[in-house]
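**Q** entry_33.cif is reproduced below (mmCIF, C-alpha atoms).
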```
data_coords
#
loop_
_atom_site.label_atom_id
_atom_site.label_comp_id
_atom_site.auth_asym_id
_atom_site.auth_seq_id
_atom_site.Cartn_x
_atom_site.Cartn_y
_atom_site.Cartn_z
CA MET A 691 0.00 0.00 0.00
CA PRO A 692 1.23 3.56 -0.60
CA PRO A 693 2.96 5.12 2.41
CA ARG A 694 0.91 7.44 4.59
CA SER A 695 1.97 10.93 5.49
CA SER A 696 3.61 9.61 8.67
CA SER A 697 6.01 7.46 6.62
CA PRO A 698 9.70 8.39 6.35
CA PRO A 699 10.51 10.87 3.60
CA LEU A 700 10.80 9.50 0.10
CA PHE A 701 13.48 10.19 -2.48
CA ALA A 702 13.01 10.13 -6.24
CA LEU A 703 15.60 8.56 -8.51
CA THR A 704 14.83 9.87 -12.01
CA ILE A 705 16.33 9.11 -15.39
CA THR A 706 15.30 11.31 -18.31
CA THR A 707 15.50 9.42 -21.58
CA ALA A 708 14.13 9.12 -25.10
CA PRO A 709 10.69 7.42 -25.30
CA GLU A 710 11.93 4.34 -27.17
CA ALA A 711 14.22 3.45 -24.26
CA GLU A 712 11.79 4.12 -21.41
CA ASP A 713 10.89 0.46 -20.77
CA ALA A 714 14.53 -0.62 -20.83
CA VAL A 715 15.39 2.19 -18.40
CA ALA A 716 12.50 1.15 -16.15
CA GLU A 717 13.89 -2.39 -16.13
CA LEU A 718 17.36 -1.04 -15.32
CA LEU A 719 15.95 0.87 -12.34
CA LEU A 720 13.99 -2.20 -11.21
CA ARG A 721 17.12 -4.35 -11.29
CA THR A 722 19.15 -1.69 -9.52
CA THR A 723 16.67 -0.69 -6.82
CA GLY A 724 14.18 -3.56 -6.62
CA GLU A 725 11.33 -1.05 -7.05
CA ALA A 726 8.80 -0.53 -9.83
CA ALA A 727 9.05 2.67 -11.87
CA ILE A 728 6.58 5.31 -12.99
CA THR A 729 7.04 6.70 -16.50
CA THR A 730 5.73 10.07 -17.66
CA PHE A 731 6.08 11.71 -21.07
CA ASP A 732 6.88 15.39 -21.61
CA ARG A 733 5.12 16.20 -24.89
CA ILE A 734 6.82 19.59 -25.22
CA ARG A 735 10.36 18.26 -24.87
CA GLY A 736 9.61 14.86 -26.35
CA LEU A 737 11.33 13.07 -23.45
CA SER A 738 10.32 10.42 -20.93
CA ARG A 739 10.95 10.60 -17.17
CA VAL A 740 11.37 7.23 -15.47
CA VAL A 741 11.14 7.46 -11.67
CA VAL A 742 11.47 5.12 -8.71
CA TYR A 743 10.77 6.13 -5.12
CA LEU A 744 13.01 5.03 -2.27
CA ASN A 745 13.15 5.48 1.50
CA ASP A 746 16.95 5.32 1.69
CA GLN A 747 18.47 8.80 1.57
CA ALA A 748 21.96 7.34 1.06
CA PHE A 749 20.99 4.95 -1.76
CA LEU A 750 22.55 6.78 -4.70
CA THR A 751 26.22 6.24 -3.91
CA PRO A 752 28.92 7.05 -6.49
CA ALA A 753 29.24 3.31 -7.16
CA ARG A 754 25.51 2.93 -7.86
CA ARG A 755 25.50 6.03 -10.06
CA LYS A 756 28.37 4.47 -12.03
CA ASP A 757 26.40 1.20 -12.33
CA LEU A 758 23.42 3.12 -13.71
CA ARG A 759 25.60 4.87 -16.27
CA ASN A 760 27.06 1.52 -17.33
CA GLY A 761 23.53 0.16 -17.63
CA LEU A 762 22.50 3.09 -19.79
CA ARG A 763 25.47 2.52 -22.06
CA ALA A 764 24.46 -1.15 -22.36
CA ILE A 765 20.93 -0.10 -23.39
CA GLU A 766 22.39 2.24 -25.98
CA SER A 767 24.63 -0.52 -27.31
CA CYS A 768 21.48 -2.55 -28.09
CA GLY A 769 20.51 0.15 -30.59
CA LEU A 770 18.03 2.09 -28.46
CA ASP A 771 18.10 5.88 -28.35
CA ILE A 772 18.60 6.86 -24.69
CA GLY A 773 18.57 10.61 -25.35
CA ALA A 774 20.11 12.80 -22.66
CA ALA A 775 19.94 9.94 -20.11
CA ARG A 776 20.23 12.34 -17.17
CA ILE A 777 20.23 10.85 -13.66
CA ALA A 778 18.63 12.98 -10.91
CA TRP A 779 18.11 12.44 -7.17
CA SER A 780 15.67 14.51 -5.11
CA ARG A 781 13.53 14.43 -1.99
CA VAL A 782 9.74 14.30 -2.44
CA LYS A 783 6.70 14.35 -0.21
CA ALA A 784 4.82 11.09 0.21
CA ILE A 785 1.65 12.73 -1.07
CA ASP A 786 3.41 13.51 -4.36
CA TRP A 787 4.29 9.83 -4.72
CA LYS A 788 0.73 8.73 -4.06
CA GLU A 789 -0.82 11.27 -6.42
CA SER A 790 1.63 10.32 -9.17
CA TRP A 791 0.55 6.68 -8.92
CA LYS A 792 -3.10 7.73 -9.05
CA ARG A 793 -2.50 9.44 -12.38
CA HIS A 794 -0.72 6.49 -13.95
CA PHE A 795 -2.23 3.34 -12.44
CA GLN A 796 -5.55 2.77 -14.19
CA PRO A 797 -8.01 -0.14 -13.87
CA LEU A 798 -7.13 -3.15 -16.03
CA SER A 799 -9.70 -5.58 -17.45
CA ILE A 800 -8.56 -9.04 -18.53
CA GLY A 801 -11.41 -10.03 -20.83
CA ARG A 802 -14.67 -10.79 -19.10
CA ALA A 803 -13.02 -12.73 -16.31
CA LEU A 804 -11.03 -10.26 -14.21
CA LEU A 805 -10.84 -6.60 -13.25
CA VAL A 806 -7.71 -5.30 -11.50
CA ARG A 807 -8.23 -1.85 -10.03
CA PRO A 808 -6.66 0.47 -7.44
CA SER A 809 -8.72 1.23 -4.34
CA TRP A 810 -9.33 4.83 -5.44
CA SER A 811 -10.94 3.79 -8.75
CA ARG A 812 -14.74 3.76 -8.93
CA LYS A 813 -14.80 1.28 -11.80
CA ARG A 814 -16.86 -1.78 -10.96
CA PRO A 815 -16.59 -5.28 -12.41
CA ALA A 816 -18.87 -6.35 -15.22
CA LYS A 817 -21.33 -9.17 -14.70
CA GLY A 818 -19.40 -12.37 -14.02
CA GLN A 819 -16.07 -10.55 -13.73
CA GLN A 820 -13.91 -11.22 -10.66
CA GLU A 821 -12.40 -8.18 -8.94
CA LEU A 822 -8.88 -7.74 -7.56
CA VAL A 823 -8.15 -4.52 -5.67
CA LEU A 824 -4.45 -3.75 -5.73
CA ASP A 825 -2.78 -0.46 -4.87
CA PRO A 826 0.75 0.07 -6.15
CA GLY A 827 3.38 0.09 -3.45
CA LEU A 828 7.14 -0.17 -3.11
CA SER A 829 7.01 -3.61 -4.77
CA PHE A 830 6.87 -4.62 -8.41
CA GLY A 831 3.65 -5.73 -10.05
CA THR A 832 0.48 -3.82 -10.91
CA GLY A 833 -0.31 -5.40 -14.27
CA GLN A 834 0.67 -2.28 -16.20
CA HIS A 835 4.05 -3.63 -17.36
CA PRO A 836 3.93 -5.62 -20.63
CA THR A 837 5.41 -8.75 -19.08
CA THR A 838 2.99 -8.80 -16.14
CA GLY A 839 0.13 -8.05 -18.50
CA PHE A 840 0.98 -11.07 -20.66
CA CYS A 841 1.15 -13.33 -17.61
CA LEU A 842 -2.23 -12.07 -16.38
CA LYS A 843 -3.81 -12.82 -19.74
CA GLU A 844 -2.35 -16.33 -19.73
CA VAL A 845 -3.49 -16.98 -16.16
CA VAL A 846 -7.02 -16.03 -17.20
CA ARG A 847 -6.90 -17.91 -20.51
CA LEU A 848 -5.65 -21.12 -18.88
CA ARG A 849 -7.98 -20.93 -15.88
CA PRO A 850 -9.66 -24.20 -14.84
CA ARG A 851 -13.13 -24.74 -16.28
CA SER A 852 -14.05 -28.27 -15.21
CA THR A 853 -11.01 -29.96 -13.69
CA PRO A 854 -8.85 -28.59 -10.82
CA ALA A 855 -5.66 -26.73 -11.72
CA ALA A 856 -2.84 -25.61 -9.44
CA LEU A 857 -0.62 -22.59 -10.08
CA LEU A 858 2.88 -21.62 -8.97
CA ASP A 859 4.02 -17.98 -9.23
CA VAL A 860 7.82 -17.68 -9.22
CA GLY A 861 9.04 -14.20 -8.24
CA THR A 862 5.61 -12.97 -7.20
CA GLY A 863 6.43 -9.31 -6.44
CA SER A 864 3.16 -7.72 -5.36
CA GLY A 865 1.42 -11.10 -5.60
CA ILE A 866 -0.76 -9.98 -8.50
CA LEU A 867 -0.54 -13.17 -10.57
CA ALA A 868 -1.14 -15.50 -7.64
CA LEU A 869 -4.05 -13.42 -6.33
CA ALA A 870 -5.57 -13.21 -9.81
CA ALA A 871 -5.21 -16.99 -10.15
CA ALA A 872 -7.07 -17.58 -6.89
CA LYS A 873 -9.81 -15.19 -8.01
CA VAL A 874 -10.43 -17.03 -11.30
CA GLY A 875 -10.50 -20.53 -9.84
CA TYR A 876 -7.03 -22.04 -9.47
CA ALA A 877 -6.39 -24.17 -6.39
CA PRO A 878 -4.04 -24.59 -4.75
CA VAL A 879 -2.06 -21.45 -5.50
CA ARG A 880 1.50 -21.00 -4.26
CA ALA A 881 3.76 -17.98 -4.74
CA PHE A 882 7.18 -16.93 -3.56
CA ASP A 883 9.75 -14.18 -3.90
CA PHE A 884 13.33 -13.79 -2.73
CA ASP A 885 12.71 -10.22 -1.55
CA PRO A 886 11.26 -10.23 1.99
CA GLU A 887 9.61 -6.83 1.44
CA ALA A 888 7.83 -8.15 -1.63
CA VAL A 889 6.51 -11.10 0.39
CA THR A 890 5.25 -8.72 3.09
CA VAL A 891 3.46 -6.58 0.48
CA ALA A 892 2.01 -9.64 -1.26
CA LYS A 893 0.65 -11.00 2.03
CA GLN A 894 -0.97 -7.66 2.77
CA ASN A 895 -2.52 -7.60 -0.71
CA ALA A 896 -3.82 -11.13 -0.12
CA ALA A 897 -5.37 -10.09 3.19
CA ASP A 898 -6.95 -6.99 1.63
CA ASN A 899 -8.61 -9.21 -0.98
CA HIS A 900 -9.62 -11.92 1.54
CA LEU A 901 -7.29 -14.42 -0.12
CA SER A 902 -4.89 -15.21 2.72
CA GLU A 903 -6.21 -18.76 2.98
CA ALA A 904 -6.34 -19.27 -0.79
CA VAL A 905 -2.75 -18.30 -1.62
CA ALA A 906 0.34 -19.73 0.10
CA LEU A 907 3.01 -17.00 0.08
CA SER A 908 6.60 -17.47 1.20
CA ARG A 909 10.15 -16.21 0.84
CA LEU A 910 12.29 -18.50 -1.30
CA ASP A 911 15.21 -18.35 -3.69
CA VAL A 912 14.42 -19.88 -7.09
CA ALA A 913 17.72 -21.75 -6.75
CA LYS A 914 16.18 -23.65 -3.82
CA LEU A 915 13.29 -25.09 -5.79
CA PRO A 916 13.24 -28.89 -5.43
CA ALA A 917 14.49 -30.88 -8.39
CA ALA A 918 11.96 -33.63 -7.59
CA PRO A 919 8.99 -31.80 -6.01
CA ARG A 920 6.19 -33.61 -4.23
CA ARG A 921 3.71 -31.22 -5.80
CA ARG A 922 3.70 -30.12 -9.43
CA TYR A 923 1.51 -27.46 -11.02
CA GLU A 924 -0.67 -27.24 -14.12
CA VAL A 925 0.51 -23.64 -14.65
CA VAL A 926 3.86 -22.18 -13.60
CA CYS A 927 4.50 -18.45 -14.13
CA ALA A 928 8.07 -17.16 -13.99
CA ASN A 929 8.33 -13.43 -14.63
CA LEU A 930 12.08 -13.18 -14.11
CA THR A 931 15.12 -11.88 -15.94
CA SER A 932 16.51 -13.92 -18.83
CA ASP A 933 19.66 -14.92 -16.95
CA LEU A 934 17.59 -16.46 -14.13
CA LEU A 935 15.28 -18.25 -16.57
CA LEU A 936 18.26 -19.77 -18.35
CA ARG A 937 20.19 -20.63 -15.19
CA TYR A 938 17.26 -22.39 -13.54
CA ALA A 939 15.47 -23.83 -16.57
CA ASP A 940 15.69 -27.40 -15.23
CA LEU A 941 14.31 -26.45 -11.82
CA LEU A 942 11.43 -24.50 -13.37
CA THR A 943 10.68 -27.41 -15.69
CA ALA A 944 10.55 -29.81 -12.75
CA GLN A 945 7.68 -27.85 -11.16
CA VAL A 946 5.29 -28.29 -14.11
CA ALA A 947 2.79 -31.17 -14.11
CA ASP A 948 2.48 -33.46 -17.12
CA GLY A 949 0.57 -31.57 -19.80
CA GLY A 950 1.04 -28.30 -17.96
CA VAL A 951 2.04 -24.85 -19.21
CA LEU A 952 5.10 -22.79 -18.37
CA VAL A 953 4.66 -19.02 -18.76
CA LEU A 954 7.96 -17.14 -19.13
CA ALA A 955 8.24 -13.36 -19.07
CA GLY A 956 10.64 -10.54 -18.18
CA ILE A 957 12.61 -11.19 -21.39
CA LEU A 958 14.08 -8.51 -23.61
CA ALA A 959 13.11 -9.15 -27.23
CA GLU A 960 16.69 -9.69 -28.38
CA GLU A 961 17.12 -12.38 -25.70
CA PHE A 962 13.90 -14.27 -26.41
CA ALA A 963 15.36 -16.55 -29.09
CA LYS A 964 18.07 -17.69 -26.67
CA VAL A 965 15.47 -18.47 -23.99
CA ARG A 966 13.22 -20.26 -26.48
CA THR A 967 16.10 -22.39 -27.75
CA ALA A 968 17.19 -23.35 -24.23
CA PHE A 969 13.72 -24.51 -23.24
CA ARG A 970 13.15 -26.25 -26.57
CA LYS A 971 16.15 -28.45 -25.74
CA SER A 972 14.24 -29.52 -22.62
CA GLY A 973 11.23 -30.52 -24.72
CA TRP A 974 9.20 -27.32 -24.51
CA LYS A 975 7.19 -26.06 -27.49
CA LEU A 976 6.17 -22.43 -27.81
CA LEU A 977 2.36 -22.12 -27.72
CA ARG A 978 2.03 -18.36 -28.03
CA SER A 979 4.15 -15.28 -27.58
CA GLU A 980 3.70 -11.55 -27.40
CA ARG A 981 6.05 -8.69 -28.09
CA ARG A 982 5.30 -5.25 -26.70
CA ARG A 983 7.97 -2.69 -27.40
CA GLU A 984 11.27 -4.32 -26.39
CA TRP A 985 9.69 -7.02 -24.21
CA CYS A 986 8.80 -10.53 -25.31
CA SER A 987 6.95 -13.19 -23.32
CA GLY A 988 5.81 -16.70 -24.11
CA SER A 989 3.82 -19.73 -22.98
CA PHE A 990 5.33 -23.19 -23.45
CA HIS A 991 3.91 -26.73 -23.40
CA ARG A 992 5.41 -30.20 -23.60
#
```
Using the file provided, produce a representation of the structure as structure tokens.

**A**
Amino acid sequence: MPPRSSSPPLFALTITTAPEAEDAVAELLLRTTGEAAITTFDRIRGLSRVVVYLNDQAFLTPARRKDLRNGLRAIESCGLDIGAARIAWSRVKAIDWKESWKRHFQPLSIGRALLVRPSWSRKRPAKGQQELVLDPGLSFGTGQHPTTGFCLKEVVRLRPRSTPAALLDVGTGSGILALAAAKVGYAPVRAFDFDPEAVTVAKQNAADNHLSEAVALSRLDVAKLPAAPRRRYEVVCANLTSDLLLRYADLLTAQVADGGVLVLAGILAEEFAKVRTAFRKSGWKLLRSERRREWCSGSFHR
């Protein structure tokens, strides 16, 4: 949930860039800070501002600033225009942070099955549509990012109709995929994240949606997944970075039940072929994929 006025002061880490690089810059900030970014577009200047909000006044050390510059150079080397790529650090009021989210986090409908909305939205679900109320917080996952959006659509598309189906959400962030799964009929639903703050936020989101009993949330490193699990899942979602997907392909594969589907996201478009090839060697066939800007996601079956 967004911090109240009594929360410690927040600090904005902002990178100004060209629009075509805004998603890559948002991913860079996510990897560097662990926090989701807000992107705004300045129509007059033709530039995008990508911002993350942090509680740590001392976060932007010279070493981290250098890492960000190296990351920006890497984005540019992929052929994206990063523009001025200016890095700024400033103190903001918590109310500014909350109001900024209100402007940019809009309700999201996934077909006729699911509505994801922030608590301040007055939009109501259509007939037969399940509702998930999720306010953005200092944890990744509101459904607005292309990779999360693809996973949500797959969770809804693959939802159980007549036979039970279990779901595992690897790297759950805010818990959005797991909570959505519980809403549309999966059971059991298990989710985990390595970040303890993400787990705390996800558990609060589950409680707010009366899903604490329906979703098992825990802190776990993907490297600790069992190679021979007692329980396997009809759908496994892994919205991770490409290096993690490649490194732990065998462990992720082991979690999927016979005939199940593995949903992979968080992949830059130029890295998707490498990921697809690696999983094809393990017997996976690409069912469907989606590219939005520089992001590519896919569902696999074997």

**Q** When the PyMOL selection byres ((chain A and resi 714) around 9) is applied to the file above, which residues end up in the set, as a VMD selection string?

**A** chain A and resid 710 to 713 715 to 719 762 765 770 958 984 to 985

**Q** Which is closest to Lys817 of chain A among A:Gly801, A:Pro919, A:Gly724, A:Pro886, if we use only C-alpha atoms?

**A** A:Gly801

**Q** Near Thr707 of chain A, within 9 Å and counting all atoms listed in the file, which residues show up once chain neighbours fewer than 5 positions away are dropped, as number ranges by chain?

**A** A: 712, 715, 737-740, 771-776

**Q** Under the rule that only C-alpha atoms are counted, which of A:Leu703, A:Ile800, A:Val742, A:Val946 is the nearest residue to Arg755 of chain A?

**A**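 Closest to Arg755 of chain A, using only C-alpha atoms: A:Leu703.
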
**Q** Restricting the calculation to all atoms listed in the file, which member of A:Ala877, A:Ala959, A:Leu935, A:Ala868 is positioned closest to Thr853 of chain A?

**A** A:Ala877

**Q** Of the candidates A:Ala708, A:Ala897, A:Val741, A:Ala871, which one gets nearest to Glu766 of chain A if we count all atoms listed in the file?

**A**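 Distance minimum relative to Glu766 of chain A lands on A:Ala708.
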
**Q** Go through segment 844-879 of chain A and flag each residue having an atom no more than 12 Å from segment 962-979 of chain A; for those, report the closest pair of atoms plus their distance in Å to one decimal, using only C-alpha atoms, ordered by chain and rising number, as JSON lines.

**A**
```
{"residue": "A:Glu844", "atom": "CA", "partner": "A:Arg978", "partner_atom": "CA", "distance": 9.6}
{"residue": "A:Arg847", "atom": "CA", "partner": "A:Arg978", "partner_atom": "CA", "distance": 11.7}
{"residue": "A:Leu848", "atom": "CA", "partner": "A:Leu977", "partner_atom": "CA", "distance": 12.0}
```

**Q** Using all atoms listed in the file, which residues sit within 12 Å of Glu903 of chain A once same-chain residues fewer than 2 positions away are excluded, as a list in words?

**A** Leu869, Ala872, Ala877, Pro878, Val879, Arg880, Lys893, Ala896, Ala897, Asp898, Asn899, His900, Leu901, Val905, Ala906 and Leu907 of chain A

**Q** Any chance you could resolve the PyMOL selection byres ((chain A and resi 943) around 9) against this file and give the residues as a PDB file with C-alpha atoms, in the coordinates of the input?

**A**
```
ATOM      1  CA  ALA A 917      14.490 -30.880  -8.390  1.00  0.00           C
ATOM      2  CA  VAL A 926       3.860 -22.180 -13.600  1.00  0.00           C
ATOM      3  CA  TYR A 938      17.260 -22.390 -13.540  1.00  0.00           C
ATOM      4  CA  ALA A 939      15.470 -23.830 -16.570  1.00  0.00           C
ATOM      5  CA  ASP A 940      15.690 -27.400 -15.230  1.00  0.00           C
ATOM      6  CA  LEU A 941      14.310 -26.450 -11.820  1.00  0.00           C
ATOM      7  CA  LEU A 942      11.430 -24.500 -13.370  1.00  0.00           C
ATOM      8  CA  ALA A 944      10.550 -29.810 -12.750  1.00  0.00           C
ATOM      9  CA  GLN A 945       7.680 -27.850 -11.160  1.00  0.00           C
ATOM     10  CA  VAL A 946       5.290 -28.290 -14.110  1.00  0.00           C
ATOM     11  CA  ALA A 947       2.790 -31.170 -14.110  1.00  0.00           C
ATOM     12  CA  LEU A 952       5.100 -22.790 -18.370  1.00  0.00           C
ATOM     13  CA  PHE A 969      13.720 -24.510 -23.240  1.00  0.00           C
ATOM     14  CA  SER A 972      14.240 -29.520 -22.620  1.00  0.00           C
ATOM     15  CA  TRP A 974       9.200 -27.320 -24.510  1.00  0.00           C
TER      16      TRP A 974
END
```

**Q** What separation in Å, quoted to one decimal, exists between atom CA of Gly956 of chain A and atom CA of Arg851 of chain A?

**A**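 If I compute the distance from atom CA of Gly956 of chain A to atom CA of Arg851 of chain A, I get 27.8 Å.
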
**Q** Can you measure atom CA of Gln747 of chain A to atom CA of Ser864 of chain A for me? One decimal in Å is fine.

**A**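 So the two atoms, atom CA of Gln747 of chain A and atom CA of Ser864 of chain A, lie 23.6 Å apart.
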
**Q** Might you pull out every residue within 7 Å of Val806 of chain A, with only C-alpha atoms counted and same-chain residues fewer than 3 positions away left off, and present them as a VMD selection string?

**A** chain A and resid 797 to 799 821 to 824

**Q** Adding 4 Å on each side of the box along x, y and z that holds all listed atoms of segment 731-746 of chain A, could you give its centre and edge lengths in Å to one decimal, as JSON?

**A**
```
{"center_x": 11.0, "center_y": 12.3, "center_z": -12.3, "size_x": 19.8, "size_y": 22.6, "size_z": 36.0}
```

**Q** So the first atom is atom CA of Ile866 of chain A and the second is atom CA of Lys813 of chain A; what is the distance between them in Å, to one decimal place?

**A**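 These two atoms are separated by 18.3 Å.
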
**Q** Neighbouring residues of Ala778 of chain A were defined as those with any atom within 9 Å, considering only C-alpha atoms; residues of the same chain fewer than 2 positions away were excluded. Please report them as a PyMOL selection string.

**A** chain A and resi 702-706+776+780

**Q** With all atoms listed in the file as the basis for distance, which of A:Asn895, A:Ser767, A:Ser902, A:Thr722 is at the shortest distance from Ala753 of chain A?

**A**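 Checking each candidate against Ala753 of chain A, we get A:Thr722 as the closest.
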
**Q** Looking at all atoms listed in the file, which of A:Gly863, A:Pro836, A:Pro709, A:Pro808 is the one that sits closest to Gln796 of chain A?

**A**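 Selected residue with least distance to Gln796 of chain A: A:Pro808.
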
**Q** Using the chain letters and numbers from the file, give me the residues hit by the PyMOL selection byres ((chain A and resi 861) around 9), as a count of residues only.

**A** 17
